[in-house]
Amino acid sequence: MQKGICLLIILMVPFVFTGLINRVKALWAGRRGAPLWQPFYDFRKLLRKGDVLSKTTSFVFRLSPSLNIAAVIFVALIIPLPQQKAIISFPADFVLFAYTLGLARFMLVLSAMDTGSPFEGMGAAREVTFSNIVEPAFFVLIGSLALITGQTSFESIFAQLNTSARYTVLVKSLCLASLFVMLLTEGSRSPVDDPNTHLELTMIHEVMILDYSGPDLAFMQYASGLKMVVITALMANLFAPSGVGALYGIMIFLIVLAGVAVAIGWVESFFARLRMSHVPQFIFMMVALSVTLFAVVIFFLYGGN
Amino acid sequence: MNLLLIGVALFFAAGLVAIPLPQKRKGIAYVSFAASAQIFILPLVIKALLGSPTLNLSVHFSGPIGDVTLLLDPLAAFFMFFISLGGLLAGIYSLGYMKMYQDSDRHSLSTYYFFMGLLVVAMLLVVIVQNALFFLIVWEIMSLASFFLVSFEHQKEEVRKAGLYYLIAMQIGAAALLVAFGWSTVLTGSMDFGALSTLSPAAATFVFILFFIGFGTKAGFVPLHTWLPLAHPAAPTAVSAMMSGVMIKTGIYGILRIILIIGVPSPWLAYLVFGIALLSGLLGVIHAIAQHDLKKLLAYHSIENIGIIGLGIGVGMLGIISGRALIAVAGFLGALLHVFNHFTFKSLLFYGAGIIYSKTHTRNIDQLGGLVRVLPYTAALFLIGSLAISGLPLLSGFVSEFAVYFGMAQSLSEHNIYLNVTAGIGLAGLALIGTMAALCFTKVFSICFLGNPRTSWQGTPSEASSTMLAPMIVLASFIVFIGLFTPLILPFLSGVVKQFCHESFYPAWNEILDIFLEINGALLIFGGLILFFIGLRWMLLRNKTVALFKTWDCGYQAQSSRIQYTASSFACSFLRLAANIVPQKKHIVRPQGLFPTQALYESHSDDLIARWMIRPLVGLLHYFLGLLSWIQSGHTQQYILYGLVFLVMLVIWVIGVR
């Protein structure tokens with residue numbers, strides 16, 4: 001029951017999450033902005049529409065949206081909310097987490113290439129390139145947490161991480177910073193990607209779904225929103241002290257979610273998107289942070305003797 | 001055991017029978033004999049895998065050879081299973097593929113089928129022979145048979161070159177094996193494999209390294225991998241598939257057999273194997289990304305996958321030296337499972353590449369595109385192979401990589417700094433291998449099959465014949481089945497994995513089995529979700545209009561298929577990051593003037609190891625051998641003088657010294 005409620009919450013928040021980012025950006029720009037639930041209205045509208053498909057495309061293009069949304073919902077089942085049990089949990093489940101997102105990315109890139117459009121090719125080439133930096137860094141990150149807690153599943157890693165005061169602010173803040181870079185990259189937000197511009201030459205994620213319409217587009221947009229929420233849920237887990245109740249855990253999750261949305265909106269209002277050739281350097285920050293985290297953990301464990 | 005040998009003999013007969021028959025009948029003869037061989041081999045092999053007592057047959061020879069034992073234990077049975085299956089599938093595929101050589105006088109299908117049969121026989125014997133001398137003999141037969149297969153199209157100069165390169169590489173590997181076996185025979189006084197276990201730790205370490213060099217050359221570990229990207233493209237496709245999917249695994253077999261007999265004599269060997277494997281995985285896939293030649297690209301992926309298998313073996317060895325059952329079991333399970341998985345998806349991909357080649361007559365993927373519309377079945381099967389080789393969930397590649405990851409994750413919970421750091425590096429490395437493989441296969445699949453054709457076909461290609469698709473369907477069903485129902489196939493591997501473990505490790509096997517049951521449940525949920533959303537999409541679009549229109553072109557009306565992204569441009573943003581690792585040679589002619597008449601851009605990538613290690617070494621060798629070239633002067637008088645000098649010295653030696 002409790003797990004069901006958590007799932008429902010995590011499935012509903014993507015709409016508000018993107019709505020909140022847009023609202024923050026609007027406020028900074030001095031506008032009132034669209035309602036918070038606007039992404040949900042868009043989603044509903046798109047589901048009711050028909051589809052326009054490119055003549056160049058094949059079955060890959062039709063399969064990809066369903067697979068993407070299924071994959072992201074599936075990884076949402078693996079991530080626990082703070083102080084909650086995950087629906088699916090087993091040792092080394094972070095591998096399944098990363099590889100399922102990998103499968104979604106694989107199909108997304110194929111569907112972009114399926115249209116034969118050079119713009120979408122650009123987006124696809126960038127997407128796969130950047131994933132090569134993010135994913136190893138993510139494994140080092142989770143590896144460090146596994147190392148310090150002696151656990152290998154998300155649920156038990158976070159349960160352990162929050163029981164002891166041993167794991168200092170340093171570990172958690174390195175972890176948080178690293179995850180934030182991952183969020184900006186995987187969620188295709190500024191300064192990696194600009195979700196607002198419609199100049200295809202500079203886009204990554206938006207350009208790959210350029211040819212989608214109707215329910216397909218709804219699936220794709222929802223999947224990308226949920227992906228950000230899932231990574232935020234990982235971050236929220238770092239903030240949950242042990243012993244507090246389940247309800248408190250959900251509150252923490254929502255607060256962190258709101259905080260992250262504000263942070264993203266803030267970054268997007270004040271920072272320009274990086275030049276495409278400088279983006280890898282930004283993402284390499286995640287590698288640096290994760291490797292530092294690993295070194296810190298090794299020092300914690302073996303530095304004393 | 002006798003039944004098994006009948007099966008082996010049938011493969012030999014398959015090649016032999018094909019010789020006198022007319023061109024069109026040769027393939028059928030080979031396939032029917034190879035199929036009947038399965039009836040003898042598979043039941044015995046499956047029984048051995050499921051734990052029936054090991055079969056053995058000993059023949060005594062007089063003199064230094066001693067007993068020659070043929071042994072069918074679970075390890076041998078595991079390899080025999082897919083060697084035998086691979087031999088049959090290659091035959092079936094050849095029925096369709098070799099048609100393009102059928103009417104030519106310059107290509108002899110007799111030698112093709114004969115050496116294919118011989119290759120399968122040699123591989124089958126390699127995994128059961130337990131005597132050093134006989135092992136080396138069948139090992140050499142295997143190398144030679146595959147050499148003749150590689151040189152099938154020997155009229156082409158590049159094929160001859162590749163064949164010779166392959167032969168020399170194999171001889172270097174065999175030389176290491178010869179020294180290793182010779183050394184241990186001198187030390188132990190016996191040629192039987194069992195005697196290796198009596199070596200002292202120091203000698204065992206030395207011998208282990210020699211074996212690793214010898215077997216590693218066959219398997220394609222870096223830096224001994226340079227023959228793969230040359231030999232695979234040169235060989236006919238069915239042969240490439242057999243070499244990459246099956247033959248290089250005999251190298252893995254050798255390493256596993258040595259670990260089985262002499263264990264891990266020094267702890268640092270485990271780290272060495274782990275490190276070399278990681279390097280192979282990374283360098284293999286980085287070089288693959290830079291390739292435009294489909295078969296060369298697949299050859300580099302073999303190096304990558306051998307690296308992943310090696311990582312599994314390394315993790316297993318780490319588990320043995322640290323005495324942790326779960327790590328050891330996960331490592332060896334991952335390695336063995338990946339050996340089989342690599343056989344399935346790599347053969348599948350090579351067969352797909354062969355279909356593309358036979359339909360379009362090019363291996364350069366930059367000239368392809370849009371093939372999904374003319375080869376829909378090939379495309380779907382190739383996609384399954386691509387997803388599996390990238391290790392993505394729901395297919396077999398994920399399961400074996402997961403086992404390796406699991407072993408590494410377990411190593412993180414030990415209190416041992418070397419183990420921890422190694423596991424951390426391994427996690428990042430394997431993740432990087434995985435994403436790079438995904439990059440490479442999104443490139444291959446989308447450039448070959450998706451988008452619009454980049455060149456105009458000479459006549460529209462049509463879907464491949466059923467004899468070429470059938471082996472691919474068999475392999476694809478293995479991939480899907482293993483990916484979705486792993487716990488059902490694990491009992492077949494329990495015997496093999498347990499061979500590597502002390503009895504106290506056995507409970508860990510059940511633990512792994514439980515974890516795989518959980519993953520399986522999770523994956524089935526995932527599959528269900530996918531089906532749900534496909535259904536939902538169908539429901540939503542049922543009564544709506546689905547319009548077909550052109551791809552959005554930003555208002556630019558003069559779309560040409562040539563403005564699509566190519567393989568080079570797709571890989572470019574990554575290769576710029578990896579510019580130091582993959583040396584690129586560019587040849588650019590810039591467009592000049594207001595009405596440029598010509599412009600050209602070509603990029604070629606080089607092999608890092610070949611460039612900085614192999615070629616300088618060969619150059620050095622050339623130089624020193626060149627210093628001695630005056631011996632062969634071409635003057636007959638001088639050669640007669642050599643003979644005379646030799647005779648005089650012989651006379652002095654006979655009279656004086658004795």
# chains A, B, ... in the order shown; residues from 1 in each chain; ligands from 1
$ interface_residues --of "chain B" --to "chain A" --cutoff "7 Å" --atoms "only C-alpha atoms" --output "ChimeraX atom specification"
/B:392-393,402,406,409,412-413,424,427-429,431-432,435-436,438-439,442,446,450-452,515,518,522,526,529-530,533-534,537,540-541,544-552,563-565,570-571,573-574
$ write_last_selection --atoms "C-alpha atoms" --output "compact mmCIF listing (two decimals), in the first residue's frame"
# COMPACT_ATOMS: atom_id res chain seq x y z
CA LEU B 392 21.35 -3.98 -22.54
CA PRO B 393 18.68 -5.58 -20.39
CA PHE B 402 25.66 -8.28 -14.64
CA PHE B 406 28.00 -8.31 -9.26
CA ALA B 409 30.29 -4.93 -6.34
CA LEU B 412 33.74 -3.53 -2.67
CA SER B 413 32.33 -4.88 0.57
CA GLY B 424 36.25 0.56 -8.40
CA LEU B 427 33.20 -0.80 -12.38
CA ALA B 428 34.07 2.43 -14.15
CA GLY B 429 35.92 0.57 -16.91
CA ALA B 431 30.58 0.90 -17.58
CA LEU B 432 32.70 2.80 -20.09
CA THR B 435 28.47 2.90 -23.17
CA MET B 436 31.09 2.87 -25.89
CA ALA B 438 26.26 1.26 -27.25
CA LEU B 439 27.70 4.24 -29.13
CA THR B 442 23.83 2.82 -32.46
CA SER B 446 21.49 3.44 -37.74
CA LEU B 450 18.03 3.48 -40.91
CA GLY B 451 17.61 6.76 -42.74
CA ASN B 452 17.91 6.96 -46.51
CA ILE B 515 19.64 -13.15 -7.20
CA GLU B 518 14.93 -11.72 -8.54
CA ALA B 522 12.25 -7.56 -12.43
CA PHE B 526 9.99 -4.47 -17.46
CA LEU B 529 5.60 -2.52 -18.98
CA ILE B 530 6.91 -2.30 -22.53
CA PHE B 533 2.79 0.91 -23.41
CA ILE B 534 2.88 -0.57 -26.89
CA ARG B 537 -0.09 3.54 -27.93
CA LEU B 540 -4.68 5.76 -28.41
CA LEU B 541 -3.99 5.80 -32.12
CA LYS B 544 -6.99 8.71 -34.99
CA THR B 545 -5.44 9.72 -38.25
CA VAL B 546 -1.83 8.71 -38.63
CA ALA B 547 -0.43 10.88 -41.38
CA LEU B 548 2.75 10.15 -43.29
CA PHE B 549 4.87 13.13 -44.14
CA LYS B 550 8.50 13.87 -44.88
CA THR B 551 11.05 14.34 -42.14
CA TRP B 552 11.08 17.89 -40.74
CA ILE B 563 23.35 15.48 -45.93
CA GLN B 564 22.54 12.74 -43.45
CA TYR B 565 24.95 12.02 -40.65
CA PHE B 570 28.38 10.28 -35.85
CA ALA B 571 31.56 9.07 -34.18
CA SER B 573 32.35 14.10 -31.41
CA PHE B 574 33.48 11.08 -29.44
$ select_by_dssp --residues "segment 80-315 of chain B" --states "strand (DSSP E or B)" --output "list in words"
Val129, Asn131, Asp192 and Asp293 of chain B
$ write_last_selection --atoms "all heavy atoms" --output "PDB file, in the first residue's frame"
ATOM      1  N   VAL B 129      41.513 -33.069 -25.343  1.00  0.00           N
ATOM      2  CA  VAL B 129      42.818 -33.729 -25.215  1.00  0.00           C
ATOM      3  C   VAL B 129      43.521 -33.239 -23.955  1.00  0.00           C
ATOM      4  O   VAL B 129      43.531 -32.055 -23.658  1.00  0.00           O
ATOM      5  CB  VAL B 129      43.682 -33.435 -26.462  1.00  0.00           C
ATOM      6  CG1 VAL B 129      45.101 -33.912 -26.242  1.00  0.00           C
ATOM      7  CG2 VAL B 129      43.094 -34.099 -27.665  1.00  0.00           C
ATOM      8  N   ASN B 131      46.825 -34.156 -23.192  1.00  0.00           N
ATOM      9  CA  ASN B 131      48.242 -34.484 -23.293  1.00  0.00           C
ATOM     10  C   ASN B 131      48.926 -33.371 -24.079  1.00  0.00           C
ATOM     11  O   ASN B 131      48.448 -32.958 -25.129  1.00  0.00           O
ATOM     12  CB  ASN B 131      48.392 -35.819 -24.026  1.00  0.00           C
ATOM     13  CG  ASN B 131      49.838 -36.188 -24.229  1.00  0.00           C
ATOM     14  OD1 ASN B 131      50.509 -35.610 -25.082  1.00  0.00           O
ATOM     15  ND2 ASN B 131      50.316 -37.143 -23.456  1.00  0.00           N
ATOM     16  N   ASP B 192      51.305 -35.339 -19.421  1.00  0.00           N
ATOM     17  CA  ASP B 192      49.895 -35.272 -19.078  1.00  0.00           C
ATOM     18  C   ASP B 192      49.590 -33.927 -18.411  1.00  0.00           C
ATOM     19  O   ASP B 192      50.413 -33.386 -17.673  1.00  0.00           O
ATOM     20  CB  ASP B 192      49.533 -36.412 -18.132  1.00  0.00           C
ATOM     21  CG  ASP B 192      48.034 -36.594 -18.069  1.00  0.00           C
ATOM     22  OD1 ASP B 192      47.460 -36.975 -19.099  1.00  0.00           O
ATOM     23  OD2 ASP B 192      47.466 -36.331 -17.004  1.00  0.00           O
ATOM     24  N   ASP B 293      34.645  -0.042 -41.765  1.00  0.00           N
ATOM     25  CA  ASP B 293      34.513  -1.367 -42.370  1.00  0.00           C
ATOM     26  C   ASP B 293      33.766  -2.259 -41.384  1.00  0.00           C
ATOM     27  O   ASP B 293      34.243  -2.515 -40.283  1.00  0.00           O
ATOM     28  CB  ASP B 293      35.917  -1.914 -42.656  1.00  0.00           C
ATOM     29  CG  ASP B 293      35.871  -3.296 -43.276  1.00  0.00           C
ATOM     30  OD1 ASP B 293      34.886  -4.017 -43.042  1.00  0.00           O
ATOM     31  OD2 ASP B 293      36.818  -3.651 -43.993  1.00  0.00           O
TER      32      ASP B 293
END
$ residues_around --residues "Ile276 of chain B" --least-positions-apart "2" --cutoff "9 Å" --atoms "only C-alpha atoms" --output "MDAnalysis selection string"
chainID B and resid 221:223 271:274 278:281 307 310:311
$ write_last_selection --atoms "C-alpha atoms" --output "compact mmCIF listing (two decimals), in the first residue's frame"
# COMPACT_ATOMS: atom_id res chain seq x y z
CA PHE B 221 43.98 -10.01 -25.65
CA VAL B 222 45.75 -6.66 -26.04
CA PRO B 223 48.60 -6.30 -27.09
CA TYR B 271 45.43 -8.44 -10.94
CA LEU B 272 47.50 -8.89 -14.11
CA VAL B 273 44.73 -10.79 -15.87
CA PHE B 274 42.18 -8.25 -14.68
CA LEU B 278 40.24 -4.22 -18.90
CA LEU B 279 42.74 -2.78 -21.35
CA SER B 280 41.55 -5.17 -24.07
CA GLY B 281 37.95 -4.23 -23.46
CA GLY B 307 38.14 -8.28 -22.52
CA GLY B 310 38.76 -11.76 -19.17
CA LEU B 311 37.34 -9.38 -16.58
$ residues_around --residues "segment 381-389 of chain B" --least-positions-apart "6" --cutoff "7 Å" --atoms "only C-alpha atoms" --output "mmCIF file with N, CA and C atoms, in the first residue's frame"
data_model
loop_
_atom_site.group_PDB
_atom_site.id
_atom_site.type_symbol
_atom_site.label_atom_id
_atom_site.label_comp_id
_atom_site.auth_asym_id
_atom_site.auth_seq_id
_atom_site.Cartn_x
_atom_site.Cartn_y
_atom_site.Cartn_z
ATOM 1 N N PHE B 345 25.704 -13.678 -30.060
ATOM 2 C CA PHE B 345 25.447 -12.398 -30.731
ATOM 3 C C PHE B 345 26.509 -12.029 -31.745
ATOM 4 N N LEU B 348 25.700 -13.934 -34.853
ATOM 5 C CA LEU B 348 24.513 -13.297 -35.437
ATOM 6 C C LEU B 348 24.889 -12.025 -36.199
ATOM 7 N N LEU B 349 25.729 -11.196 -35.565
ATOM 8 C CA LEU B 349 26.099 -9.933 -36.200
ATOM 9 C C LEU B 349 26.940 -10.170 -37.451
ATOM 10 N N GLY B 352 24.703 -11.214 -40.147
ATOM 11 C CA GLY B 352 23.999 -10.036 -40.660
ATOM 12 C C GLY B 352 24.894 -9.224 -41.584
ATOM 13 N N LEU B 395 18.044 -8.871 -22.848
ATOM 14 C CA LEU B 395 18.746 -9.794 -23.736
ATOM 15 C C LEU B 395 19.962 -10.371 -23.004
ATOM 16 N N SER B 396 20.593 -11.359 -23.644
ATOM 17 C CA SER B 396 21.567 -12.166 -22.917
ATOM 18 C C SER B 396 22.798 -11.387 -22.471
ATOM 19 N N GLY B 397 23.221 -10.395 -23.276
ATOM 20 C CA GLY B 397 24.449 -9.686 -22.928
ATOM 21 C C GLY B 397 24.396 -9.067 -21.539
ATOM 22 N N PHE B 398 23.230 -8.602 -21.149
ATOM 23 C CA PHE B 398 23.104 -7.962 -19.845
ATOM 24 C C PHE B 398 23.388 -8.955 -18.725
ATOM 25 N N PHE B 441 27.266 0.609 -31.599
ATOM 26 C CA PHE B 441 26.196 -0.116 -32.271
ATOM 27 C C PHE B 441 25.005 0.754 -32.626
ATOM 28 N N PHE B 445 24.028 0.294 -36.499
ATOM 29 C CA PHE B 445 22.665 -0.040 -36.894
ATOM 30 C C PHE B 445 22.010 1.120 -37.635
ATOM 31 N N MET B 472 20.494 -17.299 -38.061
ATOM 32 C CA MET B 472 20.369 -16.072 -37.262
ATOM 33 C C MET B 472 19.182 -16.164 -36.321
ATOM 34 N N ALA B 476 19.291 -15.784 -32.393
ATOM 35 C CA ALA B 476 18.501 -14.735 -31.737
ATOM 36 C C ALA B 476 17.606 -15.331 -30.663
#
$ atom_distance --atom1 "atom CA of Ala35 of chain B" --atom2 "atom CA of Lys346 of chain B"
21.6 Å
$ select_by_dssp --residues "segment 26-219 of chain A" --states "helix (DSSP H, G or I)" --output "ChimeraX atom specification"
/A:26-28,38-48,59-78,93-114,118-149,154-161,169-186,200-202,205-208,214-219
$ residues_around --residues "segment 1-7 of chain A" --least-positions-apart "4" --cutoff "10 Å" --atoms "only C-alpha atoms" --output "list in words"
Leu11, Met12, Ile73, Ala76, Leu77, Pro80, Leu81, Gln84, Lys85, Ala86, Ile87, Ala246, Leu247 and Ile250 of chain A
$ residues_around --residues "Leu44 of chain B" --least-positions-apart "6" --cutoff "10 Å" --atoms "only C-alpha atoms" --output "PyMOL selection string"
chain B and resi 1+3-4+38+50+52+55+72+77+81
$ atom_distance --atom1 "atom CA of Thr185 of chain A" --atom2 "atom CA of Trp266 of chain A"
15.9 Å
$ residues_around --residues "Ile259 of chain B" --least-positions-apart "2" --cutoff "10 Å" --atoms "only C-alpha atoms" --output "tab-separated table (two decimals) with C-alpha atoms, in the first residue's frame"
chain	number	residue	atom	x	y	z
B	197	SER	CA	49.57	-29.30	-10.78
B	208	PHE	CA	51.13	-19.52	-16.22
B	253	TYR	CA	39.36	-22.45	-22.85
B	254	GLY	CA	43.12	-22.82	-22.53
B	255	ILE	CA	43.35	-20.12	-19.87
B	256	LEU	CA	40.46	-21.64	-17.93
B	257	ARG	CA	41.96	-25.13	-18.18
B	261	ILE	CA	44.86	-27.38	-13.11
B	262	ILE	CA	47.43	-25.09	-11.53
B	263	GLY	CA	45.11	-22.64	-9.80
B	264	VAL	CA	46.33	-19.09	-9.22
B	265	PRO	CA	49.99	-19.61	-8.26
B	313	ILE	CA	38.01	-14.56	-15.20
B	317	MET	CA	40.67	-15.31	-9.72
B	500	PHE	CA	36.68	-23.81	-10.31
$ atom_distance --atom1 "atom CA of Asp103 of chain B" --atom2 "atom CA of Gly354 of chain B"
18.6 Å
$ closest_atom_pairs --of "segment 355-462 of chain B" --to "segment 97-101 of chain B" --cutoff "12 Å" --atoms "only C-alpha atoms" --output "JSON lines"
{"residue": "B:Ile355", "atom": "CA", "partner": "B:Tyr97", "partner_atom": "CA", "distance": 7.6}
{"residue": "B:Ile356", "atom": "CA", "partner": "B:Tyr97", "partner_atom": "CA", "distance": 10.8}
{"residue": "B:Tyr357", "atom": "CA", "partner": "B:Tyr97", "partner_atom": "CA", "distance": 9.7}
{"residue": "B:Ser358", "atom": "CA", "partner": "B:Tyr97", "partner_atom": "CA", "distance": 7.2}
{"residue": "B:Lys359", "atom": "CA", "partner": "B:Tyr97", "partner_atom": "CA", "distance": 10.2}
{"residue": "B:His361", "atom": "CA", "partner": "B:Met100", "partner_atom": "CA", "distance": 10.8}
$ write_last_selection --atoms "all heavy atoms" --output "CSV table (one decimal), in the first residue's frame"
chain,number,residue,atom,x,y,z
B,355,ILE,N,25.1,-10.8,-44.9
B,355,ILE,CA,23.9,-10.6,-45.7
B,355,ILE,C,24.0,-9.2,-46.4
B,355,ILE,O,23.8,-9.0,-47.6
B,355,ILE,CB,22.6,-10.7,-44.9
B,355,ILE,CG1,22.4,-12.1,-44.5
B,355,ILE,CG2,21.4,-10.2,-45.7
B,355,ILE,CD1,21.2,-12.4,-43.8
B,356,ILE,N,24.4,-8.2,-45.6
B,356,ILE,CA,24.6,-6.8,-46.1
B,356,ILE,C,25.6,-6.9,-47.3
B,356,ILE,O,25.4,-6.3,-48.3
B,356,ILE,CB,25.0,-5.9,-45.0
B,356,ILE,CG1,24.0,-5.7,-44.0
B,356,ILE,CG2,25.4,-4.5,-45.6
B,356,ILE,CD1,24.4,-4.9,-42.8
B,357,TYR,N,26.7,-7.6,-47.0
B,357,TYR,CA,27.8,-7.6,-48.0
B,357,TYR,C,27.3,-8.3,-49.3
B,357,TYR,O,27.5,-7.8,-50.4
B,357,TYR,CB,29.0,-8.3,-47.5
B,357,TYR,CG,30.2,-8.4,-48.4
B,357,TYR,CD1,30.8,-7.3,-48.9
B,357,TYR,CD2,30.5,-9.6,-49.0
B,357,TYR,CE1,31.9,-7.4,-49.8
B,357,TYR,CE2,31.6,-9.7,-49.9
B,357,TYR,CZ,32.2,-8.6,-50.3
B,357,TYR,OH,33.2,-8.7,-51.2
B,358,SER,N,26.6,-9.4,-49.1
B,358,SER,CA,26.2,-10.1,-50.3
B,358,SER,C,25.1,-9.4,-51.1
B,358,SER,O,24.9,-9.6,-52.3
B,358,SER,CB,25.7,-11.5,-49.9
B,358,SER,OG,24.5,-11.4,-49.2
B,359,LYS,N,24.4,-8.5,-50.4
B,359,LYS,CA,23.3,-7.7,-51.1
B,359,LYS,C,23.9,-6.4,-51.7
B,359,LYS,O,23.3,-5.9,-52.7
B,359,LYS,CB,22.2,-7.4,-50.2
B,359,LYS,CG,21.5,-8.6,-49.6
B,359,LYS,CD,20.7,-9.3,-50.7
B,359,LYS,CE,20.3,-10.7,-50.2
B,359,LYS,NZ,19.7,-11.5,-51.2
B,361,HIS,N,27.5,-5.5,-51.8
B,361,HIS,CA,28.8,-5.7,-52.2
B,361,HIS,C,29.7,-4.6,-51.7
B,361,HIS,O,30.7,-4.1,-52.3
B,361,HIS,CB,28.9,-5.7,-53.7
B,361,HIS,CG,28.1,-6.8,-54.3
B,361,HIS,ND1,28.5,-8.1,-54.2
B,361,HIS,CD2,26.9,-6.8,-54.9
B,361,HIS,CE1,27.5,-8.9,-54.7
B,361,HIS,NE2,26.6,-8.1,-55.1
$ closest_residue --among "A:Val24, A:Ala288, A:Leu8, A:Val207" --to "Cys554 of chain B" --atoms "only C-alpha atoms"
A:Val207
$ closest_residue --among "B:Tyr112, B:Trp183, B:Phe478, B:Trp139" --to "Gly251 of chain B" --atoms "only C-alpha atoms"
B:Trp139
$ decode --residues "segment 50-55 of chain A" --atoms "all heavy atoms" --output "compact mmCIF listing (two decimals), in the first residue's frame"
# COMPACT_ATOMS: atom_id res chain seq x y z
N GLY A 50 -3.72 12.68 -33.03
CA GLY A 50 -3.21 11.63 -33.91
C GLY A 50 -1.71 11.78 -34.05
O GLY A 50 -1.08 12.52 -33.30
N ASP A 51 -1.16 11.06 -35.00
CA ASP A 51 0.29 11.05 -35.16
C ASP A 51 0.66 11.51 -36.56
O ASP A 51 -0.08 11.25 -37.51
CB ASP A 51 0.82 9.62 -34.98
CG ASP A 51 1.84 9.56 -33.87
OD1 ASP A 51 2.24 10.62 -33.38
OD2 ASP A 51 2.23 8.45 -33.50
N VAL A 52 1.78 12.19 -36.68
CA VAL A 52 2.35 12.44 -38.00
C VAL A 52 3.70 11.75 -38.02
O VAL A 52 4.55 12.03 -37.18
CB VAL A 52 2.54 13.94 -38.28
CG1 VAL A 52 3.12 14.14 -39.67
CG2 VAL A 52 1.23 14.67 -38.14
N LEU A 53 3.86 10.82 -38.93
CA LEU A 53 5.11 10.06 -38.98
C LEU A 53 5.88 10.40 -40.25
O LEU A 53 5.27 10.71 -41.28
CB LEU A 53 4.82 8.56 -38.98
CG LEU A 53 4.18 8.02 -37.70
CD1 LEU A 53 3.69 6.60 -37.94
CD2 LEU A 53 5.17 8.05 -36.56
N SER A 54 7.19 10.37 -40.13
CA SER A 54 7.99 10.61 -41.32
C SER A 54 8.00 9.36 -42.19
O SER A 54 8.02 8.24 -41.70
CB SER A 54 9.41 10.97 -40.91
OG SER A 54 10.29 10.74 -41.98
N LYS A 55 8.00 9.59 -43.50
CA LYS A 55 8.00 8.46 -44.44
C LYS A 55 9.29 7.66 -44.38
O LYS A 55 9.35 6.51 -44.76
CB LYS A 55 7.78 8.97 -45.86
CG LYS A 55 6.33 9.11 -46.22
CD LYS A 55 6.17 9.66 -47.62
CE LYS A 55 6.47 11.15 -47.66
NZ LYS A 55 6.02 11.84 -48.85
